[in-house]
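Some notes on the structure that comes next.
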Amino acid sequence: MEFSKNEIVDILKDDSQNNWLFSLADRVRKEYVGDEVHLRGLIEFSNICRCTCKYCGLRCANKSVKRYRMSPDNIINTAKNACNAGYKTIVLQSGEDSFFSKEVMCNIISEIKKFDTALTLSIGERSFEDYKFFKQSGADRYLIRIETTDRNLYEKMHPSMSFDNRVRCLKDLKTLGYEAGTGCLVGLPEQTVESLAGDILFFKEIDADMIGIGPFISHPQTPLKDSLNGDFTLALKVMALTRIILKNVNIPATTAMETLNPEGRLIALQCGANVIMPNVTSSVYSENYDIYPNKAHLDEDIINSRQIIEGKIKSIGRTISKDYGFKRKLNN
Ligand code: SAM
C-alpha cells in the first residue's frame with residue numbers, strides 16, 4: 001500500500017480512524033510476517049557514554065547515574081545463559097563506550113557466535129572499518145535509530161553529533177550486508193507530524209530491515225526534564241503506518257510503549273509489532289541502564305523469565321518463534 005507524505009500526515013492528525021488503522025496494521029502484520037513473535041535477548045552491557053543526547057539519561061553530563069561496564073567474559077556468559085534459555089537472537093546494547101574497541105568487540109562477537117544464535121549490535125556510531133570487522137566476526141544485524149529525520153531538530157537534540165554521519169552509518173551497514181535497524185522517537189519537543197511522516201518515508205527509502213519506534217519519555221536528569229512525555233497513541237500510529245507501508249520488516253513492541261501504558265507491548269503486538277526484546281541482563285547492571293524513568297522496574301519482570309512474556313504472548317493468540325527471526329522475504 002502506497003501513501004504520500006500528505007496522506008500520512010492526515011492519518012497522523014486524525015484520530016477518528018484509529019481503529020481502522022490499527023486493524024489494518026494487524027492484518028498486514030499477519031499476512032507478511034505471520035503470527036510468530038520473535039524474542040530477542042537484550043544485554044545492556046555498559047551504560048558509559050561519550051554522547052550528550054538531550055533526552056537520554058545515559059548522557060555523559062548526567063553525574064547521578066551509577067556507571068557500569070560488564071567484562072567481556074561476563075557478557076559472553078550472559079549470552080550463553082540466554083541461548084540456553086532458548087533465545088535465538090542476542091542483542092548487545094550499550095552507550096558509546098570507547099573501552100569496547102574494534103578488537104574487544106570482535107572477540108566478544110566471535111565467542112557469542114559459537115552458540116546457536118543470531119547476533120545484533122546496538123552500540124552506536126562507528127567507522128565503516130569497525131562495522132566491517134564486526135560483520136566478519138559474525139554480527140548479523142545492527143540497530144541504530146535515526147531518532148528524527150528533521151535535521152534541525154536532530155542537531156538540537158544531539159549536540160556535537162551530525163545527522164549526515166547517522167545516515168552514513170545506516171548506509172554503511174546496508175552496504176556491508178547487515179540487517180539494518182533504525183527507528184525514531186515520537187514526541188520530542190518541537191517535533192511535528194510532518195517530520196514523523198518523513199521518518200516513515202525515510203525507513204522505506206533506506207530499505208530498513210527492522211524499525212523500533214518508541215515514545216519519548218522525559219528524564220529528570222536531562223535538559224528535557226520539563227518536557228511532556230510523547231503520546232502513546234501517536235507512537236502506536238507511527239508504528240502501525242510503518243507496518244502498513246514497509247510490510248515485511250521486523251518491528252519490536254518497545255519497552256518505552258509499556259512505560260506509558262501498562263499493557264503497551266501487548267497492544268503494540270496487536271497494532272503491527274512482531275518482536276519483543278526481553279532484558280536478559282542481570283538486574284545488578286540493568287537497574288542503572290537508566291535511559292528513561294521506570295524502565296528498570298519493567299525489566300525486573302522479565303529478567304531470566306521467558307515464561308511471563310511467553311504467557312502474555314500466547315494470551316493474545318500468538319506463538320513464540322523458534323527460529324532466528326531474520327526478515328521474511330516478500331513473495332512477489
Ligand atoms: N548508543 C546506542 C545508539 O545510539 O544507538 C544505543 C543505546 S541508546 C541509549 C538506545 C535508544 O534509547 C536510542 O536510540 C533512543 O531512541 C532511546 N532513548 C534514549 N533516551 C530515551 C528517552 N528519554 N525516551 C525514550 N527513548 C530513549
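We name chains A, B, ... following the order of the C-alpha cells; residues begin at 1 in each chain, and ligands are numbered from 1 as shown.
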
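Where the distance criterion is 7 Å and the atoms used are only C-alpha atoms and all ligand atoms, the residues close to ligand 1 are Tyr55, Cys56, Gly57, Leu58, Gln93, Ser94, Gly95, Glu96, Ser122, Ile123, Gly124, Glu125, Leu143, Ile144, Arg145, Glu147, Cys184, Leu185, Gly214, Pro215, Phe216, Ile217, Ser218, His219, Ala256, Ile291 and Tyr292 of chain A.
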
Please identify all polymer residues within 8 Å of segment 19-26 of chain A, counting only C-alpha atoms, omitting same-chain residues fewer than 6 positions from it, and present them as a list in words. Lys237, Ala240, Leu241, Arg243, Ile244, Gln270, Cys271 and Gly272 of chain A

Segment 322-326 of chain A environment, 12 Å, only C-alpha atoms, sequence neighbours closer than 4 positions dropped, as a tab-separated table (two decimals) with C-alpha atoms, in the first residue's frame:
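Everything below was put into part_5.tsv:
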chain	number	residue	atom	x	y	z
A	33	VAL	CA	5.28	-11.84	8.93
A	34	GLY	CA	2.71	-14.23	10.42
A	36	GLU	CA	5.04	-15.74	15.38
A	37	VAL	CA	6.65	-13.33	17.83
A	38	HIS	CA	10.45	-13.25	17.84
A	39	LEU	CA	12.09	-12.90	21.24
A	40	ARG	CA	15.47	-11.20	21.27
A	41	GLY	CA	17.52	-11.44	24.47
A	83	CYS	CA	20.93	-19.07	24.43
A	85	ALA	CA	17.17	-20.46	27.89
A	86	GLY	CA	16.02	-20.62	24.26
A	87	TYR	CA	16.84	-17.19	22.80
A	88	LYS	CA	17.71	-17.37	19.10
A	89	THR	CA	18.91	-13.77	18.89
A	90	ILE	CA	21.16	-11.90	21.29
A	116	ASP	CA	23.41	-21.26	18.29
A	117	THR	CA	22.26	-17.66	17.87
A	118	ALA	CA	21.86	-14.66	15.60
A	119	LEU	CA	23.62	-11.56	16.92
A	120	THR	CA	22.51	-7.94	16.81
A	140	ASP	CA	24.21	-10.36	11.72
A	141	ARG	CA	22.26	-7.21	12.49
A	178	TYR	CA	23.77	-6.37	7.77
A	179	GLU	CA	20.11	-6.48	8.55
A	180	ALA	CA	19.90	-2.81	9.47
A	181	GLY	CA	17.51	-1.49	12.08
A	209	ASP	CA	15.00	-4.32	7.89
A	210	MET	CA	13.94	-3.56	11.48
A	248	ASN	CA	7.67	-7.41	5.94
A	249	VAL	CA	10.06	-5.61	8.31
A	250	ASN	CA	10.59	-6.73	11.90
A	251	ILE	CA	9.06	-4.30	14.39
A	252	PRO	CA	9.58	-4.56	18.15
A	274	ASN	CA	6.10	-8.85	15.83
A	275	VAL	CA	9.19	-8.72	18.09
A	276	ILE	CA	9.82	-8.38	21.83

One number please: atom CA of Leu269 of chain A to atom CA of Ala253 of chain A, in Å, one decimal.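 Atom-to-atom, atom CA of Leu269 of chain A to atom CA of Ala253 of chain A, that is 6.0 Å.
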
Taking only segment 119-239 of chain A into account, list the residues labelled strand (DSSP E) by DSSP (computed from the backbone), as an MDAnalysis selection string. chainID A and resid 119:122 141:143 179:186 210:215

Once you have the residues from the selection above, write them out as a PDB file, in the first residue's frame, restricted to N, CA, C and O atoms.
ATOM      1  N   LEU A 119      23.080 -12.595  16.037  1.00  0.00           N
ATOM      2  CA  LEU A 119      23.625 -11.557  16.916  1.00  0.00           C
ATOM      3  C   LEU A 119      23.372 -10.169  16.340  1.00  0.00           C
ATOM      4  O   LEU A 119      23.701  -9.894  15.178  1.00  0.00           O
ATOM      5  N   THR A 120      22.794  -9.330  17.184  1.00  0.00           N
ATOM      6  CA  THR A 120      22.514  -7.941  16.814  1.00  0.00           C
ATOM      7  C   THR A 120      23.362  -7.029  17.685  1.00  0.00           C
ATOM      8  O   THR A 120      23.472  -7.258  18.889  1.00  0.00           O
ATOM      9  N   LEU A 121      23.935  -5.999  17.085  1.00  0.00           N
ATOM     10  CA  LEU A 121      24.671  -4.988  17.855  1.00  0.00           C
ATOM     11  C   LEU A 121      23.877  -3.687  17.876  1.00  0.00           C
ATOM     12  O   LEU A 121      23.200  -3.350  16.902  1.00  0.00           O
ATOM     13  N   SER A 122      23.994  -2.967  18.980  1.00  0.00           N
ATOM     14  CA  SER A 122      23.379  -1.644  19.086  1.00  0.00           C
ATOM     15  C   SER A 122      24.303  -0.801  19.962  1.00  0.00           C
ATOM     16  O   SER A 122      24.044  -0.574  21.138  1.00  0.00           O
ATOM     17  N   ARG A 141      23.173  -8.365  12.581  1.00  0.00           N
ATOM     18  CA  ARG A 141      22.261  -7.212  12.486  1.00  0.00           C
ATOM     19  C   ARG A 141      22.831  -6.049  13.300  1.00  0.00           C
ATOM     20  O   ARG A 141      23.628  -6.271  14.209  1.00  0.00           O
ATOM     21  N   TYR A 142      22.327  -4.854  12.984  1.00  0.00           N
ATOM     22  CA  TYR A 142      22.786  -3.666  13.720  1.00  0.00           C
ATOM     23  C   TYR A 142      21.616  -2.694  13.854  1.00  0.00           C
ATOM     24  O   TYR A 142      20.936  -2.403  12.872  1.00  0.00           O
ATOM     25  N   LEU A 143      21.410  -2.219  15.069  1.00  0.00           N
ATOM     26  CA  LEU A 143      20.336  -1.244  15.311  1.00  0.00           C
ATOM     27  C   LEU A 143      20.944   0.136  15.558  1.00  0.00           C
ATOM     28  O   LEU A 143      21.796   0.283  16.427  1.00  0.00           O
ATOM     29  N   GLU A 179      21.494  -6.896   8.415  1.00  0.00           N
ATOM     30  CA  GLU A 179      20.105  -6.482   8.554  1.00  0.00           C
ATOM     31  C   GLU A 179      20.181  -5.206   9.393  1.00  0.00           C
ATOM     32  O   GLU A 179      20.682  -5.228  10.531  1.00  0.00           O
ATOM     33  N   ALA A 180      19.734  -4.108   8.810  1.00  0.00           N
ATOM     34  CA  ALA A 180      19.899  -2.811   9.474  1.00  0.00           C
ATOM     35  C   ALA A 180      18.589  -2.373  10.111  1.00  0.00           C
ATOM     36  O   ALA A 180      17.536  -2.398   9.476  1.00  0.00           O
ATOM     37  N   GLY A 181      18.703  -1.968  11.369  1.00  0.00           N
ATOM     38  CA  GLY A 181      17.512  -1.495  12.083  1.00  0.00           C
ATOM     39  C   GLY A 181      17.645  -0.022  12.378  1.00  0.00           C
ATOM     40  O   GLY A 181      18.729   0.469  12.700  1.00  0.00           O
ATOM     41  N   THR A 182      16.535   0.682  12.236  1.00  0.00           N
ATOM     42  CA  THR A 182      16.537   2.091  12.605  1.00  0.00           C
ATOM     43  C   THR A 182      15.219   2.392  13.322  1.00  0.00           C
ATOM     44  O   THR A 182      14.549   1.478  13.798  1.00  0.00           O
ATOM     45  N   GLY A 183      14.856   3.659  13.412  1.00  0.00           N
ATOM     46  CA  GLY A 183      13.613   3.981  14.109  1.00  0.00           C
ATOM     47  C   GLY A 183      13.657   5.399  14.614  1.00  0.00           C
ATOM     48  O   GLY A 183      14.621   6.137  14.358  1.00  0.00           O
ATOM     49  N   CYS A 184      12.592   5.785  15.322  1.00  0.00           N
ATOM     50  CA  CYS A 184      12.520   7.175  15.772  1.00  0.00           C
ATOM     51  C   CYS A 184      11.883   7.274  17.146  1.00  0.00           C
ATOM     52  O   CYS A 184      11.250   6.343  17.630  1.00  0.00           O
ATOM     53  N   LEU A 185      12.097   8.429  17.740  1.00  0.00           N
ATOM     54  CA  LEU A 185      11.403   8.797  18.967  1.00  0.00           C
ATOM     55  C   LEU A 185      10.170   9.590  18.578  1.00  0.00           C
ATOM     56  O   LEU A 185      10.228  10.404  17.655  1.00  0.00           O
ATOM     57  N   VAL A 186       9.072   9.365  19.279  1.00  0.00           N
ATOM     58  CA  VAL A 186       7.838  10.095  18.974  1.00  0.00           C
ATOM     59  C   VAL A 186       7.515  10.999  20.161  1.00  0.00           C
ATOM     60  O   VAL A 186       7.412  10.526  21.293  1.00  0.00           O
ATOM     61  N   MET A 210      14.585  -3.535  10.153  1.00  0.00           N
ATOM     62  CA  MET A 210      13.937  -3.556  11.482  1.00  0.00           C
ATOM     63  C   MET A 210      13.673  -2.102  11.858  1.00  0.00           C
ATOM     64  O   MET A 210      14.504  -1.242  11.561  1.00  0.00           O
ATOM     65  N   ILE A 211      12.549  -1.875  12.515  1.00  0.00           N
ATOM     66  CA  ILE A 211      12.222  -0.491  12.862  1.00  0.00           C
ATOM     67  C   ILE A 211      11.652  -0.413  14.272  1.00  0.00           C
ATOM     68  O   ILE A 211      10.590  -0.974  14.555  1.00  0.00           O
ATOM     69  N   GLY A 212      12.386   0.271  15.144  1.00  0.00           N
ATOM     70  CA  GLY A 212      11.945   0.439  16.535  1.00  0.00           C
ATOM     71  C   GLY A 212      11.401   1.838  16.751  1.00  0.00           C
ATOM     72  O   GLY A 212      12.107   2.826  16.526  1.00  0.00           O
ATOM     73  N   ILE A 213      10.138   1.894  17.181  1.00  0.00           N
ATOM     74  CA  ILE A 213       9.510   3.195  17.391  1.00  0.00           C
ATOM     75  C   ILE A 213       9.079   3.288  18.848  1.00  0.00           C
ATOM     76  O   ILE A 213       8.398   2.395  19.354  1.00  0.00           O
ATOM     77  N   GLY A 214       9.511   4.340  19.510  1.00  0.00           N
ATOM     78  CA  GLY A 214       9.139   4.465  20.920  1.00  0.00           C
ATOM     79  C   GLY A 214       8.811   5.898  21.257  1.00  0.00           C
ATOM     80  O   GLY A 214       9.380   6.829  20.677  1.00  0.00           O
ATOM     81  N   PRO A 215       7.865   6.086  22.193  1.00  0.00           N
ATOM     82  CA  PRO A 215       7.585   7.451  22.649  1.00  0.00           C
ATOM     83  C   PRO A 215       8.780   8.014  23.423  1.00  0.00           C
ATOM     84  O   PRO A 215       9.477   7.262  24.107  1.00  0.00           O
TER      85      PRO A 215
END

Nearby residues (only C-alpha atoms) at most 9 Å from Ile75 of chain A, same-chain spacing under 3 positions excluded, as a PDB file with N, CA, C and O atoms, in the first residue's frame:
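Final output, saved to part-v3.pdb:
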ATOM      1  N   ILE A  43      21.067  -7.632  26.071  1.00  0.00           N
ATOM      2  CA  ILE A  43      22.110  -7.463  27.097  1.00  0.00           C
ATOM      3  C   ILE A  43      22.587  -6.006  27.057  1.00  0.00           C
ATOM      4  O   ILE A  43      23.165  -5.561  26.062  1.00  0.00           O
ATOM      5  N   PHE A  45      25.147  -3.943  28.177  1.00  0.00           N
ATOM      6  CA  PHE A  45      26.433  -4.315  28.785  1.00  0.00           C
ATOM      7  C   PHE A  45      27.270  -3.155  29.298  1.00  0.00           C
ATOM      8  O   PHE A  45      28.245  -3.378  30.016  1.00  0.00           O
ATOM      9  N   MET A  70      30.144  -4.164  31.948  1.00  0.00           N
ATOM     10  CA  MET A  70      30.323  -5.607  32.148  1.00  0.00           C
ATOM     11  C   MET A  70      31.618  -6.049  31.473  1.00  0.00           C
ATOM     12  O   MET A  70      32.003  -5.497  30.440  1.00  0.00           O
ATOM     13  N   SER A  71      32.284  -7.037  32.048  1.00  0.00           N
ATOM     14  CA  SER A  71      33.522  -7.527  31.425  1.00  0.00           C
ATOM     15  C   SER A  71      33.148  -8.365  30.196  1.00  0.00           C
ATOM     16  O   SER A  71      32.042  -8.929  30.127  1.00  0.00           O
ATOM     17  N   PRO A  72      34.071  -8.500  29.242  1.00  0.00           N
ATOM     18  CA  PRO A  72      33.785  -9.352  28.087  1.00  0.00           C
ATOM     19  C   PRO A  72      33.348 -10.755  28.496  1.00  0.00           C
ATOM     20  O   PRO A  72      32.374 -11.295  27.946  1.00  0.00           O
ATOM     21  N   THR A  78      26.606 -14.224  29.888  1.00  0.00           N
ATOM     22  CA  THR A  78      25.192 -13.819  29.903  1.00  0.00           C
ATOM     23  C   THR A  78      24.524 -14.259  28.596  1.00  0.00           C
ATOM     24  O   THR A  78      23.392 -14.778  28.594  1.00  0.00           O
ATOM     25  N   ALA A  79      25.253 -14.097  27.496  1.00  0.00           N
ATOM     26  CA  ALA A  79      24.709 -14.520  26.196  1.00  0.00           C
ATOM     27  C   ALA A  79      24.513 -16.039  26.182  1.00  0.00           C
ATOM     28  O   ALA A  79      23.482 -16.540  25.692  1.00  0.00           O
ATOM     29  N   LYS A  80      25.480 -16.758  26.736  1.00  0.00           N
ATOM     30  CA  LYS A  80      25.385 -18.230  26.747  1.00  0.00           C
ATOM     31  C   LYS A  80      24.145 -18.672  27.532  1.00  0.00           C
ATOM     32  O   LYS A  80      23.374 -19.534  27.085  1.00  0.00           O
ATOM     33  N   LEU A  92      23.262  -7.008  21.723  1.00  0.00           N
ATOM     34  CA  LEU A  92      24.221  -6.356  22.618  1.00  0.00           C
ATOM     35  C   LEU A  92      24.046  -4.847  22.489  1.00  0.00           C
ATOM     36  O   LEU A  92      24.278  -4.289  21.405  1.00  0.00           O
ATOM     37  N   ILE A 108      34.333 -10.593  21.481  1.00  0.00           N
ATOM     38  CA  ILE A 108      33.028 -10.904  22.098  1.00  0.00           C
ATOM     39  C   ILE A 108      32.090 -11.508  21.045  1.00  0.00           C
ATOM     40  O   ILE A 108      31.420 -12.524  21.273  1.00  0.00           O
ATOM     41  N   ILE A 112      30.414 -15.268  21.080  1.00  0.00           N
ATOM     42  CA  ILE A 112      28.951 -15.463  21.161  1.00  0.00           C
ATOM     43  C   ILE A 112      28.447 -16.250  19.952  1.00  0.00           C
ATOM     44  O   ILE A 112      27.541 -17.081  20.060  1.00  0.00           O
ATOM     45  N   THR A 281      19.816  -9.076  30.961  1.00  0.00           N
ATOM     46  CA  THR A 281      20.942  -8.578  31.759  1.00  0.00           C
ATOM     47  C   THR A 281      20.636  -8.767  33.239  1.00  0.00           C
ATOM     48  O   THR A 281      19.494  -8.597  33.647  1.00  0.00           O
TER      49      THR A 281
END

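Here the question is which of A:Leu42, A:Ala61, A:Leu224, A:Val167 gets nearest to Ser282 of chain A using only C-alpha atoms, and that residue is A:Leu42.
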
Nearest residue to Tyr32 of chain A from the set A:Ala82, A:Met1, A:Leu330, A:Cys53 (distances using only C-alpha atoms): A:Leu330
